[in-house]
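Visitor: Right, I'll just put the structure down here and ask away after.
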Amino acid sequence: MKIDYSVVTRRTFLNALLGGWLASFAFGSFYALYRFAFPTLGKEPDFVVLKPEDFFSIPVNSTKAFAWGGKVGLFFRTADNRMVALKGVCSHMECNIVYKPERQRFYCPCHKGWFDANGRNVEGPPPKPLEFFDYRVEGGKLIVHKKGVKVELPKA
Amino acid sequence: MSCPRLKDWIGERFDLAGVAAAAGKKLVPVHGRDIWYYTGGIVLFLLAIQVLTGLVLAFYYIPYFEVAHKSVIDIVTKLNMGWFFRSLHHWGAQLAILVMFVHIFATLLLKSYRKPRELQWVSGFFLLGIFIFFGLSGYFLLWDERAFAAVRVATGGAGNLPFFGGWIRAFLRGGIDVTGETLTRFYAFHVSVLPLLTLAVLGFHLLLVLFHGMSVPLSQKWRNLRQVPFFPNVFYRDLMIWLVVLGVVVTLATLLPPDIAKKADPLAPPPEGVKPEWYFLFLFQTLKLFPGSLAGMNGETIAIVFIGLAILFLFLVPFFDKKSSLEERSPLFTVIGLAYLLYFVVMTIVGYLT
Amino acid sequence: MNRFLFILGFVLGPTHAALAEEKIALIPPSAYDRASIYLNLTLFWVALIVLIVLIRLKLREKERVQAMGRSKENDKIPMLE
């Protein structure tokens, strides 16, 4: 079948082509700029390696901070002398928490949230308990890692 | 000193007399509510102070997380008048946002947003958003423990928005956490992205003011209003008010310099009872009204969606208020405006006192 | 006793920390500098008020001219040389 008159004139075709081409060209160029502007997101670490002598010597009922990526991790010797490692960040608004040995609880000064020594959110706005880590000592190094993550250190 | 030859020289190259005549021909209505119409000019004047003081502060400030805090202390303690101009920049910002809120609520209650000035309202709303972000980013440049905690909470709060939250948080922080990357980003926002945006949106806002002239409130509309030329009558009044504002800012800056807390440490706990800037307090108080979880959903998310909808309604108010657009009185929207104003003032005071 | 210590810790903790830190001088600390700052502030206000009064006088003058039904004074008035 031959159509005598095209619905699309040469002019609208050319306009659509120019407009579309321009739009895709601009989109592509700005998308490249956007990819540059958006940060390359690091990941929260799966594990960190520390020196055991720095952390096993802390007194009962106290904490010591270590860097967990950009956040803070806490080594915590409980009142009944267990050693645990946890993320020292409130589950509410990501403020750093602080241990109050008098009450044997963790406290978030931002919005007055409390967690007990087992990390349960007992008072205030925090919606979730604290996150605990596993740790082990291997070849004179203290490896703190997320629960359920297998860590293979490279053999040096 | 009238320099007729210089005037002629310029006049042959640029139509100065035409501009002067246009300024004199621009008429401004005089009525009982026109005092509120000076608030926009005050914000403009304060913005000029911010630009000038900010330019000079940028000569000395170092946007690197290890030295940023120290460079601010050096500005305050070692440089000529450094303490004064940092304080002036701080108080200029506080007053600019305060007067901007007055400007917005006056526009809301006098219904100056009504047709054909909807775009003025919309662009003004954008300017408020830009100014608040100016405030947050400028506060963070201090890199002290309060600013650090405030930005962690504010960007984390933005992360609670549905759909785009995670994206916005990552874009603002420049990573998954608030770090030195966030500082360089906020510096770029504060000294280049936001000023350019302000220039564009403010230019549009003022162009519309020129195009439409001043709105007359409905209550004053039916009287026979006297009109005075913008130049020199209104302009001279503007100047006098600006000078008073300058005196107030300078006095505040001299008597109440803002303090500087300890350098931020990502591993240290935040200071006790950290509070956001006063213009965030009403949001902060609203968030407190919601429980941690509601009907199985995160309470924060619900609160932020609720606040977002309330702000969206205010943003689109010229399009909802049909009666005003027809130049009829619309008491419903006066009540709504008063409710917004009351909520804002009460929540800010409650937040300040608790 | 424990509770007492806890409360004491809350009361003394912050002040103690503040004392341990070096306080940043937000305004030049010497009495001479302070005095000159307050003097300057006063002078600044005096200058401001004079300026405002002058602008007000000028505005009155413009309004008088406008009330006479003229937007501008005639600049072809013959002047005494």
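Letters A, B, ... go to the chains of the structure tokens in the order shown; residues in each chain start at 1; ligands are counted from 1 in the same order.
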What's around region 35-49 of chain C at 10 Å? Count only C-alpha atoms, leave out sequence neighbours fewer than 2 positions away in its own chain, and write the answer as a list of chain:residue names.

Guide: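 The residues satisfying every condition are B:Phe84, B:Met240, B:Leu243, B:Val244, B:Leu246, B:Gly247, B:Val248, B:Val250, B:Thr251, B:Thr254, B:Leu255, C:Ile27, C:Pro28, C:Ser30, C:Ala31, C:Tyr32, C:Asp33, C:Leu51, C:Ile52, C:Val53, C:Leu54, C:Ile55.
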
Visitor: Counting only C-alpha atoms, which residues of chain B come no farther than 12 Å from chain C, as a VMD selection string?

Guide: chain B and resid 21 24 to 25 69 to 70 72 to 87 227 to 229 231 to 263 271 to 273

Visitor: Determine which residues of region 244-348 of chain B DSSP labels as alpha helix (DSSP H) from the backbone of this structure, then write them out as an MDAnalysis selection string.

Guide: chainID B and resid 244:255 281:289 299:315 317:320 322:325 331:348

Visitor: Compute the chain A side of the contact with chain B at 12 Å, counting only C-alpha atoms, and hand it back as a VMD selection string.

Guide: chain A and resid 34 to 45 64 to 74 87 to 100 106 to 113 121 123 to 128

Visitor: Taking only C-alpha atoms into account, produce a table as a Markdown table in which each residue of chain A with an atom at most 12 Å from an atom of chain C appears once, together with its shortest atom pair and the distance in Å to one decimal, ordered by chain and rising number.

Guide:
| residue | atom | partner | partner_atom | distance |
| --- | --- | --- | --- | --- |
| A:Lys100 | CA | C:Phe6 | CA | 9.1 |
| A:Pro101 | CA | C:Phe6 | CA | 9.2 |
| A:Glu102 | CA | C:Phe6 | CA | 6.1 |
| A:Arg103 | CA | C:Phe6 | CA | 8.2 |
| A:Gln104 | CA | C:Phe6 | CA | 11.3 |

Visitor: Extract the full set of strand (DSSP E) residues from chain A according to DSSP on the backbone, and format it as number ranges by chain.

Guide: A: 47-50, 62-68, 71-77, 83-87, 98-100, 105-108, 113-116, 121-123, 132-138, 141-146

Visitor: As a ChimeraX atom specification, please: the residues near region 47-53 of chain B (cut-off 12 Å, only C-alpha atoms, same-chain neighbours under 4 positions excluded).

Guide: /B:40-43,57-60,81-97,99-100,127,131,134-135,138,190-192,194-196,198-199,202,242-243,245-246,249-250

Visitor: Kindly give the distance, in Å, that separates CA of Val216 (chain B) and CA of Gly32 (chain B), rounded to a single decimal.

Guide: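 If I compute the distance from CA of Val216 (chain B) to CA of Gly32 (chain B), I get 10.2 Å.
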
Visitor: For Ala85 (chain A), please output as a JSON list (two decimals) with N, CA and C atoms, in the first residue's frame all residues within 10 Å (counting only C-alpha atoms; exclusion window: fewer than 5 positions along the same chain).

Guide:
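Result written to selection28.json:
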[["chain", "number", "residue", "atom", "x", "y", "z"],
["A", 63, "THR", "N", 34.72, 0.67, 78.48],
["A", 63, "THR", "CA", 34.80, 0.44, 77.04],
["A", 63, "THR", "C", 36.04, 1.11, 76.48],
["A", 64, "LYS", "N", 36.43, 0.66, 75.28],
["A", 64, "LYS", "CA", 37.48, 1.35, 74.56],
["A", 64, "LYS", "C", 37.09, 1.41, 73.08],
["A", 65, "ALA", "N", 37.29, 2.59, 72.48],
["A", 65, "ALA", "CA", 36.81, 2.81, 71.12],
["A", 65, "ALA", "C", 37.84, 2.35, 70.10],
["A", 66, "PHE", "N", 37.36, 1.85, 68.95],
["A", 66, "PHE", "CA", 38.22, 1.62, 67.80],
["A", 66, "PHE", "C", 37.48, 2.09, 66.55],
["A", 73, "GLY", "N", 33.60, 1.77, 66.81],
["A", 73, "GLY", "CA", 33.29, 0.47, 67.41],
["A", 73, "GLY", "C", 33.77, 0.52, 68.86],
["A", 74, "LEU", "N", 33.15, -0.29, 69.71],
["A", 74, "LEU", "CA", 33.54, -0.27, 71.12],
["A", 74, "LEU", "C", 33.90, -1.69, 71.57],
["A", 75, "PHE", "N", 35.05, -1.83, 72.22],
["A", 75, "PHE", "CA", 35.33, -3.04, 72.97],
["A", 75, "PHE", "C", 34.79, -2.83, 74.36],
["A", 76, "PHE", "N", 34.12, -3.82, 74.91],
["A", 76, "PHE", "CA", 33.37, -3.60, 76.14],
["A", 76, "PHE", "C", 33.61, -4.79, 77.07],
["A", 77, "ARG", "N", 34.20, -4.50, 78.25],
["A", 77, "ARG", "CA", 34.33, -5.56, 79.25],
["A", 77, "ARG", "C", 33.19, -5.37, 80.23],
["A", 131, "GLU", "N", 24.26, -3.26, 67.43],
["A", 131, "GLU", "CA", 24.81, -4.36, 66.63],
["A", 131, "GLU", "C", 26.10, -4.87, 67.29],
["A", 132, "PHE", "N", 26.15, -6.16, 67.53],
["A", 132, "PHE", "CA", 27.36, -6.75, 68.13],
["A", 132, "PHE", "C", 28.21, -7.42, 67.07],
["A", 133, "PHE", "N", 29.53, -7.47, 67.33],
["A", 133, "PHE", "CA", 30.46, -8.11, 66.41],
["A", 133, "PHE", "C", 31.02, -9.38, 67.06],
["A", 134, "ASP", "N", 31.60, -10.25, 66.23],
["A", 134, "ASP", "CA", 32.40, -11.36, 66.74],
["A", 134, "ASP", "C", 33.86, -10.94, 66.65],
["A", 135, "TYR", "N", 34.69, -11.58, 67.46],
["A", 135, "TYR", "CA", 36.12, -11.29, 67.34],
["A", 135, "TYR", "C", 36.91, -12.55, 67.65],
["A", 144, "VAL", "N", 38.25, -8.20, 64.42],
["A", 144, "VAL", "CA", 36.85, -7.96, 64.77],
["A", 144, "VAL", "C", 36.06, -8.03, 63.48],
["A", 145, "HIS", "N", 35.01, -8.87, 63.47],
["A", 145, "HIS", "CA", 34.27, -8.98, 62.22],
["A", 145, "HIS", "C", 32.77, -9.06, 62.49],
["A", 146, "LYS", "N", 32.01, -8.78, 61.43],
["A", 146, "LYS", "CA", 30.55, -8.86, 61.54],
["A", 146, "LYS", "C", 30.16, -10.29, 61.84]]

Visitor: Taking 4 positions as the minimum chain separation for residues in the same chain, which residues sit within 9 Å of Leu283 (chain B) when counting only C-alpha atoms? Answer as a list in words.

Guide: Tyr279, Leu287, Lys288, Ile304, Ile307, Phe344, Met347 and Thr348 of chain B

Visitor: Create the file for the chosen residues now, containing all heavy atoms and written as an mmCIF file, in the first residue's frame.

Guide:
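Generated output (selection-v6.cif):
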data_model
loop_
_atom_site.group_PDB
_atom_site.id
_atom_site.type_symbol
_atom_site.label_atom_id
_atom_site.label_comp_id
_atom_site.auth_asym_id
_atom_site.auth_seq_id
_atom_site.Cartn_x
_atom_site.Cartn_y
_atom_site.Cartn_z
ATOM 1 N N TYR B 279 15.866 27.312 63.525
ATOM 2 C CA TYR B 279 14.885 27.140 62.461
ATOM 3 C C TYR B 279 14.627 25.676 62.137
ATOM 4 O O TYR B 279 13.775 25.366 61.306
ATOM 5 C CB TYR B 279 15.288 27.918 61.202
ATOM 6 C CG TYR B 279 16.754 27.864 60.861
ATOM 7 C CD1 TYR B 279 17.265 26.829 60.110
ATOM 8 C CD2 TYR B 279 17.610 28.851 61.312
ATOM 9 C CE1 TYR B 279 18.609 26.784 59.805
ATOM 10 C CE2 TYR B 279 18.954 28.808 61.007
ATOM 11 C CZ TYR B 279 19.445 27.774 60.255
ATOM 12 O OH TYR B 279 20.765 27.712 59.953
ATOM 13 N N LEU B 287 9.184 15.675 65.198
ATOM 14 C CA LEU B 287 9.702 14.304 65.190
ATOM 15 C C LEU B 287 9.502 13.645 66.549
ATOM 16 O O LEU B 287 9.227 12.461 66.642
ATOM 17 C CB LEU B 287 11.192 14.306 64.841
ATOM 18 C CG LEU B 287 11.539 14.515 63.374
ATOM 19 C CD1 LEU B 287 13.045 14.534 63.194
ATOM 20 C CD2 LEU B 287 10.949 13.399 62.531
ATOM 21 N N LYS B 288 9.628 14.444 67.616
ATOM 22 C CA LYS B 288 9.485 13.889 68.964
ATOM 23 C C LYS B 288 8.055 13.443 69.236
ATOM 24 O O LYS B 288 7.828 12.604 70.108
ATOM 25 C CB LYS B 288 9.877 14.954 69.996
ATOM 26 C CG LYS B 288 11.354 15.025 70.262
ATOM 27 C CD LYS B 288 11.577 15.835 71.522
ATOM 28 C CE LYS B 288 13.030 16.162 71.707
ATOM 29 N NZ LYS B 288 13.174 17.216 72.728
ATOM 30 N N ILE B 304 8.366 12.077 58.850
ATOM 31 C CA ILE B 304 8.981 12.872 57.784
ATOM 32 C C ILE B 304 8.047 12.978 56.585
ATOM 33 O O ILE B 304 7.933 14.039 55.957
ATOM 34 C CB ILE B 304 10.366 12.298 57.431
ATOM 35 C CG1 ILE B 304 11.329 12.708 58.546
ATOM 36 C CG2 ILE B 304 10.859 12.785 56.095
ATOM 37 C CD1 ILE B 304 12.661 12.076 58.500
ATOM 38 N N ILE B 307 5.454 15.610 57.637
ATOM 39 C CA ILE B 307 6.007 16.965 57.541
ATOM 40 C C ILE B 307 6.161 17.372 56.082
ATOM 41 O O ILE B 307 5.825 18.490 55.685
ATOM 42 C CB ILE B 307 7.374 17.034 58.260
ATOM 43 C CG1 ILE B 307 7.187 16.816 59.753
ATOM 44 C CG2 ILE B 307 8.059 18.363 58.006
ATOM 45 C CD1 ILE B 307 8.480 16.555 60.481
ATOM 46 N N PHE B 344 4.385 26.880 63.963
ATOM 47 C CA PHE B 344 5.816 27.175 63.827
ATOM 48 C C PHE B 344 6.348 27.889 65.068
ATOM 49 O O PHE B 344 7.354 27.497 65.648
ATOM 50 C CB PHE B 344 6.044 28.028 62.575
ATOM 51 C CG PHE B 344 7.468 28.441 62.377
ATOM 52 C CD1 PHE B 344 8.409 27.531 61.956
ATOM 53 C CD2 PHE B 344 7.866 29.749 62.627
ATOM 54 C CE1 PHE B 344 9.725 27.906 61.787
ATOM 55 C CE2 PHE B 344 9.177 30.128 62.459
ATOM 56 C CZ PHE B 344 10.109 29.212 62.041
ATOM 57 N N MET B 347 6.032 25.555 68.389
ATOM 58 C CA MET B 347 6.981 24.446 68.385
ATOM 59 C C MET B 347 8.411 24.943 68.520
ATOM 60 O O MET B 347 9.239 24.296 69.164
ATOM 61 C CB MET B 347 6.837 23.623 67.104
ATOM 62 C CG MET B 347 5.654 22.707 67.146
ATOM 63 S SD MET B 347 5.642 21.753 68.678
ATOM 64 C CE MET B 347 4.690 20.363 68.218
ATOM 65 N N THR B 348 8.722 26.108 67.920
ATOM 66 C CA THR B 348 10.075 26.648 68.044
ATOM 67 C C THR B 348 10.345 27.035 69.493
ATOM 68 O O THR B 348 11.411 26.728 70.046
ATOM 69 C CB THR B 348 10.246 27.869 67.122
ATOM 70 O OG1 THR B 348 9.930 27.476 65.796
ATOM 71 C CG2 THR B 348 11.669 28.391 67.160
#

Visitor: Counting only C-alpha atoms, which of B:Thr301, B:Ile130, B:Pro217, B:Phe320 gets nearest to Ile336 (chain B)?

Guide: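 Ranked by minimum distance to Ile336 (chain B), first place goes to B:Phe320.
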